[in-house]
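Novice: Provided below: input-v4.cif, containing mmCIF, C-alpha atoms and all ligand atoms.
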data_work
loop_
_atom_site.label_atom_id
_atom_site.label_comp_id
_atom_site.auth_asym_id
_atom_site.auth_seq_id
_atom_site.Cartn_x
_atom_site.Cartn_y
_atom_site.Cartn_z
CA MET I 1 0.00 0.00 0.00
CA PRO I 2 1.58 3.35 -0.99
CA PRO I 3 1.73 6.15 1.58
CA SER I 4 -1.33 8.37 1.31
CA ARG I 5 -0.84 11.53 -0.74
CA TYR I 6 -3.20 13.15 1.70
CA ASN I 7 -0.80 12.91 4.58
CA GLY I 8 2.11 14.74 3.04
CA GLY I 9 3.26 11.40 1.61
CA MET I 10 4.31 10.19 5.07
CA ALA I 11 4.44 6.43 5.35
CA GLN I 12 2.83 5.01 8.47
CA PRO I 13 4.90 2.66 10.64
CA TYR I 14 4.91 -0.91 9.25
CA ASN I 15 3.09 0.40 6.17
CA ARG I 16 -0.10 0.45 8.19
CA ILE I 17 -3.25 1.83 6.65
CA PHE I 18 -5.69 4.24 8.23
CA ASN I 19 -8.39 1.89 9.45
CA PHE I 20 -11.73 3.61 10.01
CA SER I 21 -13.48 0.36 10.97
CA ALA I 22 -16.41 0.61 13.38
CA GLY I 23 -15.05 -2.41 15.21
CA PRO I 24 -12.87 -4.21 15.83
CA GLY I 25 -11.06 -0.94 15.62
CA VAL I 26 -7.52 0.30 15.35
CA LEU I 27 -5.08 -0.27 18.24
CA PRO I 28 -2.06 1.87 19.22
CA VAL I 29 1.16 0.88 17.46
CA GLU I 30 3.05 0.99 20.77
CA VAL I 31 0.60 -1.51 22.26
CA LEU I 32 0.91 -3.87 19.30
CA GLU I 33 4.69 -3.60 19.53
CA GLN I 34 4.68 -4.47 23.20
CA ALA I 35 2.37 -7.42 22.60
CA ARG I 36 4.70 -8.57 19.82
CA ASP I 37 7.76 -8.23 22.06
CA GLU I 38 6.09 -10.18 24.85
CA MET I 39 4.49 -12.79 22.61
CA MET I 40 7.08 -15.56 23.02
CA ASN I 41 8.05 -15.04 26.65
CA TYR I 42 5.92 -12.84 28.86
CA GLY I 43 7.88 -11.14 31.62
CA GLY I 44 10.37 -14.00 31.99
CA SER I 45 7.61 -16.56 32.51
CA GLY I 46 8.90 -18.55 29.54
CA ALA I 47 5.47 -18.61 27.93
CA SER I 48 3.13 -16.41 25.96
CA VAL I 49 0.21 -14.83 27.81
CA ALA I 50 -1.95 -16.87 25.42
CA GLU I 51 -0.48 -20.01 27.01
CA LEU I 52 -0.54 -19.07 30.68
CA SER I 53 -2.87 -20.73 33.13
CA HIS I 54 -5.42 -18.20 34.26
CA ARG I 55 -4.85 -19.58 37.78
CA SER I 56 -1.12 -18.76 37.67
CA LYS I 57 0.35 -15.94 39.75
CA THR I 58 1.62 -14.33 36.55
CA TYR I 59 -1.84 -14.18 35.01
CA GLU I 60 -3.39 -13.03 38.26
CA GLY I 61 -1.01 -10.07 38.09
CA ILE I 62 -2.18 -9.31 34.55
CA ILE I 63 -5.93 -9.35 35.22
CA GLN I 64 -5.66 -7.60 38.57
CA GLY I 65 -3.33 -5.00 37.06
CA ALA I 66 -5.77 -4.35 34.21
CA GLU I 67 -8.60 -3.89 36.68
CA ALA I 68 -6.53 -1.56 38.88
CA ASP I 69 -5.54 0.57 35.89
CA ILE I 70 -9.15 0.79 34.69
CA ARG I 71 -10.16 1.92 38.17
CA THR I 72 -7.48 4.61 38.10
CA LEU I 73 -8.25 5.74 34.54
CA ALA I 74 -11.98 6.19 35.15
CA SER I 75 -11.80 7.07 38.89
CA ILE I 76 -14.16 4.17 39.62
CA PRO I 77 -15.48 4.37 43.17
CA ASP I 78 -14.72 1.44 45.50
CA ASN I 79 -18.36 0.35 45.63
CA TYR I 80 -18.27 -0.80 42.01
CA LYS I 81 -17.17 -4.18 40.65
CA VAL I 82 -15.11 -4.31 37.48
CA LEU I 83 -15.74 -7.50 35.51
CA PHE I 84 -14.41 -8.97 32.28
CA LEU I 85 -17.10 -11.15 30.72
CA GLN I 86 -17.62 -12.96 27.44
CA GLY I 87 -20.49 -12.95 24.98
CA GLY I 88 -19.89 -9.35 23.94
CA ALA I 89 -22.13 -6.42 24.67
CA SER I 90 -24.86 -8.42 22.95
CA LEU I 91 -25.03 -10.95 25.78
CA GLN I 92 -25.35 -8.05 28.22
CA PHE I 93 -28.57 -7.00 26.46
CA SER I 94 -30.13 -10.23 27.78
CA MET I 95 -28.10 -10.73 30.94
CA LEU I 96 -28.78 -7.36 32.50
CA ALA I 97 -32.50 -7.88 32.01
CA MET I 98 -32.33 -11.39 33.49
CA ASN I 99 -30.57 -9.98 36.54
CA PHE I 100 -32.45 -6.74 37.06
CA LEU I 101 -35.88 -6.93 35.41
CA GLY I 102 -38.08 -8.93 37.74
CA GLN I 103 -41.71 -9.95 37.50
CA GLY I 104 -44.05 -7.02 37.95
CA GLN I 105 -41.29 -4.52 37.27
CA THR I 106 -40.78 -2.24 34.28
CA ALA I 107 -37.52 -1.09 32.73
CA ASP I 108 -37.32 2.17 30.78
CA TYR I 109 -35.35 2.25 27.53
CA ILE I 110 -34.32 5.37 25.65
CA VAL I 111 -33.67 4.27 22.08
CA THR I 112 -31.40 6.51 20.05
CA GLY I 113 -30.24 3.98 17.48
CA ALA I 114 -29.92 0.43 16.25
CA TRP I 115 -28.06 -0.92 19.29
CA GLY I 116 -30.64 0.49 21.66
CA GLU I 117 -33.29 -1.29 19.59
CA LYS I 118 -31.41 -4.57 19.99
CA ALA I 119 -31.16 -4.03 23.74
CA VAL I 120 -34.94 -3.57 23.86
CA GLU I 121 -35.61 -6.71 21.80
CA ALA I 122 -33.52 -8.80 24.18
CA ALA I 123 -35.06 -7.33 27.34
CA GLN I 124 -38.62 -7.79 26.04
CA LEU I 125 -38.03 -11.54 26.11
CA VAL I 126 -37.39 -11.26 29.84
CA GLY I 127 -39.89 -8.76 31.16
CA ASN I 128 -41.81 -5.56 30.83
CA VAL I 129 -40.09 -2.85 28.80
CA ASN I 130 -41.24 0.74 28.41
CA VAL I 131 -39.62 2.53 25.49
CA THR I 132 -39.84 6.11 26.73
CA TRP I 133 -38.28 7.66 23.65
CA ASN I 134 -37.49 6.27 20.21
CA GLY I 135 -35.71 8.20 17.47
CA LYS I 136 -36.67 5.82 14.66
CA SER I 137 -39.06 8.21 12.90
CA THR I 138 -36.13 10.48 11.95
CA ASN I 139 -33.81 7.53 11.31
CA PHE I 140 -32.04 8.07 14.64
CA ASP I 141 -30.45 11.41 13.82
CA ARG I 142 -31.06 13.03 17.20
CA LEU I 143 -31.35 12.72 20.96
CA PRO I 144 -34.52 13.33 22.97
CA ASP I 145 -35.31 16.95 23.83
CA SER I 146 -36.08 15.89 27.36
CA LEU I 147 -34.86 12.83 29.22
CA GLY I 148 -38.22 12.14 30.91
CA ASP I 149 -39.22 10.91 34.33
CA HIS I 150 -37.90 7.46 35.15
CA SER I 151 -38.83 7.28 38.81
CA GLY I 152 -41.13 4.29 38.25
CA ALA I 153 -38.57 2.19 36.40
CA THR I 154 -36.52 -0.57 37.95
CA TYR I 155 -33.71 0.65 35.72
CA THR I 156 -33.28 3.01 32.78
CA HIS I 157 -31.19 1.91 29.84
CA PHE I 158 -29.58 4.01 27.15
CA THR I 159 -26.68 3.90 24.71
CA THR I 160 -24.11 6.71 25.03
CA ASN I 161 -22.97 6.43 21.45
CA GLU I 162 -24.92 4.81 18.65
CA THR I 163 -22.21 3.32 16.49
CA ILE I 164 -24.29 2.96 13.32
CA GLN I 165 -26.01 6.34 13.28
CA GLY I 166 -23.20 8.38 14.89
CA VAL I 167 -25.38 9.94 17.58
CA GLU I 168 -23.72 10.51 20.95
CA PHE I 169 -24.79 11.88 24.32
CA GLN I 170 -22.34 14.71 24.91
CA SER I 171 -22.13 14.14 28.67
CA ASP I 172 -23.41 11.70 31.31
CA PRO I 173 -27.18 12.30 31.51
CA ASP I 174 -29.11 12.41 34.79
CA LEU I 175 -31.45 9.44 34.53
CA GLY I 176 -31.75 8.45 38.16
CA ASN I 177 -30.13 6.04 40.53
CA SER I 178 -30.58 2.94 38.37
CA THR I 179 -29.10 4.00 35.08
CA ILE I 180 -27.64 1.26 32.90
CA CYS I 181 -25.59 2.25 29.92
CA ASP I 182 -24.19 0.55 26.84
CA MET I 183 -20.91 2.43 26.35
CA SER I 184 -19.46 0.01 23.79
CA SER I 185 -18.39 2.54 21.22
CA ASP I 186 -17.29 5.52 23.30
CA ILE I 187 -16.03 4.17 26.60
CA PHE I 188 -12.84 5.88 27.76
CA SER I 189 -13.03 8.40 24.93
CA ARG I 190 -13.67 11.27 27.35
CA PRO I 191 -13.95 11.87 31.10
CA LEU I 192 -16.97 10.18 32.69
CA ASP I 193 -18.68 10.17 36.06
CA VAL I 194 -19.11 6.51 36.96
CA SER I 195 -21.13 7.41 40.06
CA LYS I 196 -24.04 8.43 37.80
CA TYR I 197 -24.47 4.82 36.71
CA ALA I 198 -25.68 1.63 38.30
CA MET I 199 -24.02 -0.31 35.50
CA ILE I 200 -21.85 0.42 32.49
CA TYR I 201 -20.97 -2.20 29.92
CA ALA I 202 -18.85 -2.10 26.79
CA GLY I 203 -17.43 -4.58 24.32
CA ALA I 204 -13.65 -4.26 24.22
CA GLN I 205 -13.14 -4.12 20.49
CA LYS I 206 -13.50 -0.41 19.78
CA ASN I 207 -11.64 1.62 22.38
CA MET I 208 -10.09 -1.00 24.66
CA GLY I 209 -8.54 -3.88 22.77
CA PRO I 210 -9.30 -6.83 20.52
CA ALA I 211 -12.70 -8.53 20.55
CA GLY I 212 -13.47 -11.21 23.10
CA ALA I 213 -14.20 -9.40 26.35
CA CYS I 214 -16.97 -7.20 27.61
CA LEU I 215 -16.17 -4.84 30.44
CA VAL I 216 -18.89 -4.51 33.07
CA ILE I 217 -18.74 -1.87 35.78
CA LEU I 218 -21.45 -2.64 38.32
CA ARG I 219 -22.45 -0.88 41.54
CA ASP I 220 -22.40 -3.27 44.50
CA ASP I 221 -26.01 -2.74 45.60
CA MET I 222 -27.21 -4.01 42.23
CA LEU I 223 -25.97 -7.46 43.23
CA ASP I 224 -28.66 -7.58 45.93
CA ARG I 225 -31.39 -7.30 43.32
CA ILE I 226 -30.45 -10.46 41.45
CA PRO I 227 -32.94 -13.31 41.69
CA ASN I 228 -31.82 -16.81 42.56
CA GLY I 229 -32.03 -19.51 39.95
CA LEU I 230 -30.06 -17.98 37.12
CA GLY I 231 -27.45 -20.15 35.44
CA PRO I 232 -24.06 -19.41 36.99
CA MET I 233 -22.61 -17.82 33.86
CA LEU I 234 -25.62 -15.50 33.70
CA ASP I 235 -25.42 -14.30 37.30
CA TYR I 236 -23.29 -11.21 37.97
CA ARG I 237 -22.84 -12.34 41.59
CA ILE I 238 -20.92 -15.42 40.48
CA HIS I 239 -18.57 -13.39 38.29
CA ALA I 240 -18.09 -10.78 41.00
CA LYS I 241 -17.39 -13.39 43.67
CA ASN I 242 -14.81 -15.08 41.47
CA GLY I 243 -13.01 -11.97 40.22
CA SER I 244 -14.11 -12.66 36.62
CA MET I 245 -12.53 -16.12 36.88
CA TYR I 246 -15.49 -18.40 37.53
CA ASN I 247 -14.45 -20.01 34.27
CA THR I 248 -11.51 -19.33 31.96
CA PRO I 249 -11.61 -15.59 31.29
CA PRO I 250 -10.90 -14.03 27.89
CA ALA I 251 -7.29 -14.10 29.02
CA TYR I 252 -5.38 -12.66 26.10
CA THR I 253 -7.93 -9.92 25.43
CA VAL I 254 -7.77 -8.84 29.07
CA TYR I 255 -3.97 -8.62 28.76
CA MET I 256 -4.34 -6.43 25.65
CA ILE I 257 -6.93 -4.26 27.41
CA GLY I 258 -4.40 -3.78 30.19
CA LEU I 259 -1.81 -2.56 27.69
CA VAL I 260 -4.27 -0.16 26.05
CA ILE I 261 -5.34 1.26 29.41
CA LYS I 262 -1.71 1.79 30.46
CA HIS I 263 -1.13 3.57 27.17
CA LEU I 264 -4.10 5.85 27.88
CA LEU I 265 -2.83 6.56 31.39
CA LYS I 266 0.56 7.53 29.96
CA ASN I 267 -1.03 9.86 27.44
CA GLY I 268 -3.11 12.19 29.56
CA GLY I 269 -5.85 9.83 30.71
CA LEU I 270 -9.43 10.44 29.67
CA GLN I 271 -9.01 14.20 29.34
CA GLY I 272 -6.09 13.66 26.98
CA ALA I 273 -8.14 11.16 24.96
CA PHE I 274 -11.04 13.60 24.77
CA GLU I 275 -8.87 16.45 23.51
CA ARG I 276 -7.31 14.27 20.83
CA ASN I 277 -10.69 12.84 19.81
CA ALA I 278 -12.34 16.27 19.60
CA ALA I 279 -9.53 17.60 17.41
CA LYS I 280 -9.69 14.56 15.11
CA ALA I 281 -13.47 14.64 14.74
CA LYS I 282 -13.43 18.38 14.09
CA LEU I 283 -11.24 17.87 11.04
CA ILE I 284 -13.84 15.59 9.49
CA TYR I 285 -16.94 17.53 10.56
CA ASP I 286 -15.28 20.68 9.16
CA ALA I 287 -14.79 18.86 5.87
CA ILE I 288 -18.52 17.98 5.87
CA ASP I 289 -19.67 21.47 6.81
CA GLY I 290 -17.25 23.18 4.44
CA SER I 291 -18.31 21.15 1.41
CA GLY I 292 -21.19 23.42 0.39
CA GLY I 293 -23.69 20.59 0.90
CA PHE I 294 -21.76 17.92 -1.04
CA TYR I 295 -21.45 15.92 2.18
CA LYS I 296 -24.39 15.87 4.57
CA GLY I 297 -23.90 14.86 8.18
CA HIS I 298 -26.48 12.32 9.38
CA ALA I 299 -26.57 13.30 13.06
CA GLN I 300 -27.92 16.64 14.20
CA ARG I 301 -25.09 18.95 15.20
CA ASP I 302 -25.76 18.92 18.93
CA CYS I 303 -25.32 15.15 19.16
CA ARG I 304 -22.57 14.48 16.67
CA SER I 305 -20.43 11.56 17.71
CA LEU I 306 -16.70 11.97 18.22
CA MET I 307 -16.30 8.26 17.51
CA ASN I 308 -18.45 7.41 14.47
CA ILE I 309 -18.85 10.19 11.93
CA THR I 310 -21.72 9.49 9.55
CA PHE I 311 -22.31 11.38 6.32
CA THR I 312 -23.88 10.93 2.93
CA LEU I 313 -22.78 11.95 -0.56
CA PRO I 314 -25.04 13.10 -3.43
CA SER I 315 -25.50 9.57 -4.86
CA ASP I 316 -24.80 5.90 -4.21
CA GLU I 317 -22.50 5.90 -7.22
CA LEU I 318 -20.38 8.72 -5.80
CA THR I 319 -20.34 6.96 -2.42
CA ASP I 320 -18.93 3.81 -4.02
CA THR I 321 -16.31 5.83 -5.90
CA PHE I 322 -15.39 7.69 -2.70
CA VAL I 323 -14.90 4.46 -0.76
CA LYS I 324 -12.87 2.90 -3.59
CA GLU I 325 -10.63 5.93 -4.08
CA ALA I 326 -10.11 6.36 -0.34
CA LYS I 327 -9.00 2.75 -0.15
CA ALA I 328 -6.46 3.33 -2.90
CA GLU I 329 -5.14 6.19 -0.74
CA GLY I 330 -4.69 3.97 2.31
CA MET I 331 -7.99 4.70 4.11
CA ILE I 332 -10.26 1.69 4.60
CA GLU I 333 -13.65 0.73 6.06
CA LEU I 334 -15.39 3.98 5.21
CA LYS I 335 -18.63 2.53 3.86
CA GLY I 336 -21.58 3.41 6.07
CA HIS I 337 -24.11 0.95 7.45
CA ARG I 338 -26.88 0.27 4.93
CA SER I 339 -29.54 1.70 7.28
CA VAL I 340 -27.94 5.15 7.05
CA GLY I 341 -26.20 4.84 3.69
CA GLY I 342 -23.25 6.99 2.71
CA CYS I 343 -20.08 6.77 4.74
CA ARG I 344 -18.97 6.28 8.29
CA ALA I 345 -15.54 7.19 9.61
CA SER I 346 -14.87 5.60 12.98
CA THR I 347 -12.29 7.66 14.79
CA TYR I 348 -11.77 5.73 17.99
CA ASN I 349 -9.12 6.63 20.57
CA SER I 350 -6.34 4.90 18.67
CA MET I 351 -7.00 6.38 15.23
CA PRO I 352 -3.93 8.52 14.62
CA HIS I 353 -4.48 12.26 14.13
CA GLU I 354 -2.78 11.96 10.74
CA GLY I 355 -5.51 9.56 9.63
CA CYS I 356 -8.13 12.24 10.15
CA VAL I 357 -5.95 14.85 8.45
CA ALA I 358 -5.62 12.53 5.49
CA LEU I 359 -9.35 11.81 5.34
CA SER I 360 -10.37 15.47 5.66
CA GLN I 361 -7.97 16.47 2.86
CA PHE I 362 -9.21 13.64 0.68
CA MET I 363 -12.82 14.65 1.32
CA ALA I 364 -12.17 18.25 0.28
CA GLN I 365 -10.35 17.16 -2.84
CA PHE I 366 -13.03 14.59 -3.75
CA ALA I 367 -15.83 17.15 -3.34
CA ALA I 368 -13.95 19.67 -5.50
CA ARG I 369 -13.56 17.08 -8.27
CA ASN I 370 -17.11 15.71 -8.09
CA GLY I 371 -19.28 18.51 -6.75
C1 LIG I 401 -23.12 0.44 20.86
C2 LIG I 401 -22.95 -1.03 20.63
N1 LIG I 401 -23.56 -1.89 21.46
C3 LIG I 401 -23.43 -3.22 21.33
C4 LIG I 401 -22.67 -3.75 20.32
C5 LIG I 401 -22.56 -5.25 20.19
O1 LIG I 401 -21.32 -5.61 20.66
P1 LIG I 401 -20.77 -7.09 20.56
O2 LIG I 401 -20.47 -7.34 19.11
O3 LIG I 401 -19.55 -7.05 21.42
O4 LIG I 401 -21.80 -8.01 21.07
C6 LIG I 401 -22.00 -2.91 19.44
C7 LIG I 401 -21.17 -3.47 18.35
O5 LIG I 401 -20.76 -2.82 17.43
C8 LIG I 401 -22.15 -1.51 19.60
O6 LIG I 401 -21.54 -0.65 18.77
#
Mind converting the file's structure to structure tokens?
Ligand SMILES: Cc1ncc(COP(=O)(O)O)c(C=O)c1O

Specialist:
Amino acid sequence: MPPSRYNGGMAQPYNRIFNFSAGPGVLPVEVLEQARDEMMNYGGSGASVAELSHRSKTYEGIIQGAEADIRTLASIPDNYKVLFLQGGASLQFSMLAMNFLGQGQTADYIVTGAWGEKAVEAAQLVGNVNVTWNGKSTNFDRLPDSLGDHSGATYTHFTTNETIQGVEFQSDPDLGNSTICDMSSDIFSRPLDVSKYAMIYAGAQKNMGPAGACLVILRDDMLDRIPNGLGPMLDYRIHAKNGSMYNTPPAYTVYMIGLVIKHLLKNGGLQGAFERNAAKAKLIYDAIDGSGGFYKGHAQRDCRSLMNITFTLPSDELTDTFVKEAKAEGMIELKGHRSVGGCRASTYNSMPHEGCVALSQFMAQFAARNG
């Protein structure tokens, strides 16, 4: 792959491309290098992390270190459990309802996109769901004007960042004491106030590491609400009691998460991540807004995502040409989800700034040629 002309002709390390995938997403080069260096013999153990017993002292150090660093990074209060589970965020859609939506109770769901819809579908199989707001009629291009009253709900669920539509809550909303949030596509992209949540969950594969683990941050008192009789793998109490090691954990992914979190801590923590993400996203939104209407942003301006930037072009034909030409310039995975059409640039924490410079320059040049 030749270096992109849109980045001053600078080659990326290892000839890497700019990967705008919505997930699994790009990882920091330094993290990949460290994983490579430790692949054959982790810390003098004589084995790869992928080969270590999860009951070994060495692995205990890895998983406990990852948890400790996550606690530091997000200032997680002591009365929260930090769990590494499997089954992705998708299993959480069902599991959280099985644990917290009892008979005779109602859970409120604010649906701002396709993932929120999936969370509702899974919870409806378990109990009574009240969709208090649904943005479907405008193809999920906005957030609710008002958050509503959720005092009657056993919990209130929402999605901070809708990965497909590119609609993001700009700060932690006040939804009451039992707020449960799917943060899969923007966790650790900006400072957050964990104490506003009863539970946060997020698949690892966008901002934290490779696929294979789902991070769950759960307030202790929620454990008291769980009914008896759930299968052990579906009961948060079992995972909490066993430090995420009731069964074999997603061991290598947790190790990689640990490396990514350390990298974030070294680079200004969540505030540093936010500043970098805001600057990167601005480059692309400016290219949209400065195109004289050639590109149209899907999300309303007040809820534009810093992580998934969605926009359309004048025709499907031009969209296909855009995606093809961008690929030839070293920028991949820019095709949008079919429900929105157009393009989507995912600019997760580890997308280099230069990638967004390259894309914004390419966008301006493409619009000038085709507008
Ligand atoms: C916001 C959101 N929630 C949930 C999911 C599903 O995650 P998983 O594939 O880990 O089950 C995704 C995946 O892209 C997502 O973006």

Novice: Might you pull out every residue within 6 Å of segment 177-184 of chain I, with all atoms listed in the file counted and same-chain residues fewer than 4 positions away left off, and present them as a VMD selection string?

Specialist: chain I and resid 155 to 160 197 to 203

Novice: Report as a list of chain:residue names which protein, DNA and RNA residues come within 6 Å of ligand LIG 401 (chain I), using only C-alpha atoms and all ligand atoms.

Specialist: I:Gly88, I:Ala89, I:Ser90, I:Trp115, I:Glu162, I:Thr163, I:Asp182, I:Ser184, I:Ser185, I:Gly203

Novice: Could you give me, as CSV, every segment 234-302 of chain I residue with an atom at most 7 Å from segment 44-60 of chain I, plus its closest atom pair and distance in Å to one decimal, counting all atoms listed in the file, rows ordered by chain then number?

Specialist:
residue,atom,partner,partner_atom,distance
I:Thr248,CA,I:His54,CA,6.6
I:Ala251,CA,I:His54,CA,6.9
I:Tyr252,CA,I:Ala50,CA,5.5

Novice: One number please: atom CA of Thr72 of chain I to atom CA of Leu218 of chain I, in Å, one decimal.

Specialist: 15.7 Å

Novice: I'd like the contact shell of segment 75-85 of chain I - 6 Å cut-off, all atoms listed in the file, skipping same-chain residues fewer than 5 positions apart - returned as an MDAnalysis selection string.

Specialist: chainID I and resid 213:220 244

Novice: Include C-alpha atoms and write out the residues we just selected as an mmCIF file, in the coordinates of the input.

Specialist:
data_model
loop_
_atom_site.group_PDB
_atom_site.id
_atom_site.type_symbol
_atom_site.label_atom_id
_atom_site.label_comp_id
_atom_site.auth_asym_id
_atom_site.auth_seq_id
_atom_site.Cartn_x
_atom_site.Cartn_y
_atom_site.Cartn_z
ATOM 1 C CA ALA I 213 -14.200 -9.400 26.350
ATOM 2 C CA CYS I 214 -16.970 -7.200 27.610
ATOM 3 C CA LEU I 215 -16.170 -4.840 30.440
ATOM 4 C CA VAL I 216 -18.890 -4.510 33.070
ATOM 5 C CA ILE I 217 -18.740 -1.870 35.780
ATOM 6 C CA LEU I 218 -21.450 -2.640 38.320
ATOM 7 C CA ARG I 219 -22.450 -0.880 41.540
ATOM 8 C CA ASP I 220 -22.400 -3.270 44.500
ATOM 9 C CA SER I 244 -14.110 -12.660 36.620
#

Novice: Taking all atoms listed in the file into account, name the residue in I:Gln86, I:Thr106, I:Thr347, I:Thr312 that is nearest to Thr154 of chain I.

Specialist: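 The shortest atom-to-atom distance to Thr154 of chain I comes from I:Thr106.
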
Novice: Which neighbours of Tyr295 of chain I fall inside 9 Å, counting only C-alpha atoms, when residues of the same chain fewer than 2 positions from it are skipped, and could you give them as a list in words?

Specialist: Ala287, Ile288, Asp289, Gly290, Ser291, Gly292, Gly293, Gly297, Phe311, Thr312, Leu313, Pro314, Met363 and Ala367 of chain I

Novice: Which residues come within 7 Å of Thr112 of chain I, counting all atoms listed in the file, excluding same-chain residues fewer than 5 positions away, as a ChimeraX atom specification?

Specialist: /I:134-135,140,143,162

Novice: What are the centre and edge lengths in Å, to one decimal, of the axis-aligned box around all listed atoms of segment 356-364 of chain I with 5 Å added on each side, as AutoDock Vina command-line options?

Specialist:
--center_x -9.2 --center_y 15.0 --center_z 5.2 --size_x 17.2 --size_y 16.4 --size_z 19.9

Novice: Which residue, I:Asn228, I:Leu91, I:Gly341, I:Ile70, has the smallest gap to Val194 of chain I when you use only C-alpha atoms?

Specialist: I:Ile70

Novice: Rank I:Lys196, I:Lys206, I:Lys118, I:Lys136 by their smallest atom-to-atom distance to Met351 of chain I, using all atoms listed in the file, and report the top residue only.

Specialist: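 Looking only at the distances to Met351 of chain I, the closest residue turns out to be I:Lys206.
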
Novice: Quick one, how far is atom CA of Ser346 of chain I from atom CA of Glu121 of chain I?

Specialist: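 For atom CA of Ser346 of chain I relative to atom CA of Glu121 of chain I, the distance reads 25.7 Å.
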
Novice: Excluding same-chain residues fewer than 3 positions from Lys280 of chain I, what lies within 9 Å of it counting all atoms listed in the file, as an MDAnalysis selection string?

Specialist: chainID I and resid 275:277 283:284 306 347 351:357

Novice: To one decimal place in Å, what is the distance between atom CA of Ala299 of chain I and atom CA of Asn267 of chain I?

Specialist: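 We find that atom CA of Ala299 of chain I and atom CA of Asn267 of chain I lie 29.5 Å from each other.
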
Novice: Could you check which of I:Ala153, I:Ile187, I:Ala211, I:Met233 is closest to Met256 of chain I, using all atoms listed in the file?

Specialist: I:Ala211

Novice: Could you list as a list in words every residue that has an atom within 10 Å of (-43.9, -4.1, 35.0), using the file's coordinates and counting only C-alpha atoms?

Specialist: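 Returned residue set, sorted by chain then number, is Leu101, Gly102, Gln103, Gly104, Gln105, Thr106, Ala107, Gly127, Asn128, Val129, Asn130, Gly152, Ala153 and Thr154 of chain I.
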
Novice: How would the residues just picked look written out with C-alpha atoms as a CSV table (one decimal), in the frame of the given file?

Specialist:
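Contents of the output file part.csv:
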chain,number,residue,atom,x,y,z
I,101,LEU,CA,-35.9,-6.9,35.4
I,102,GLY,CA,-38.1,-8.9,37.7
I,103,GLN,CA,-41.7,-10.0,37.5
I,104,GLY,CA,-44.0,-7.0,38.0
I,105,GLN,CA,-41.3,-4.5,37.3
I,106,THR,CA,-40.8,-2.2,34.3
I,107,ALA,CA,-37.5,-1.1,32.7
I,127,GLY,CA,-39.9,-8.8,31.2
I,128,ASN,CA,-41.8,-5.6,30.8
I,129,VAL,CA,-40.1,-2.8,28.8
I,130,ASN,CA,-41.2,0.7,28.4
I,152,GLY,CA,-41.1,4.3,38.2
I,153,ALA,CA,-38.6,2.2,36.4
I,154,THR,CA,-36.5,-0.6,38.0

Novice: Could you check the closest approach to Gln271 of chain I for each of I:Phe93, I:Tyr255, I:Phe188, I:Tyr109 and tell me which residue wins, using all atoms listed in the file?

Specialist: I:Phe188
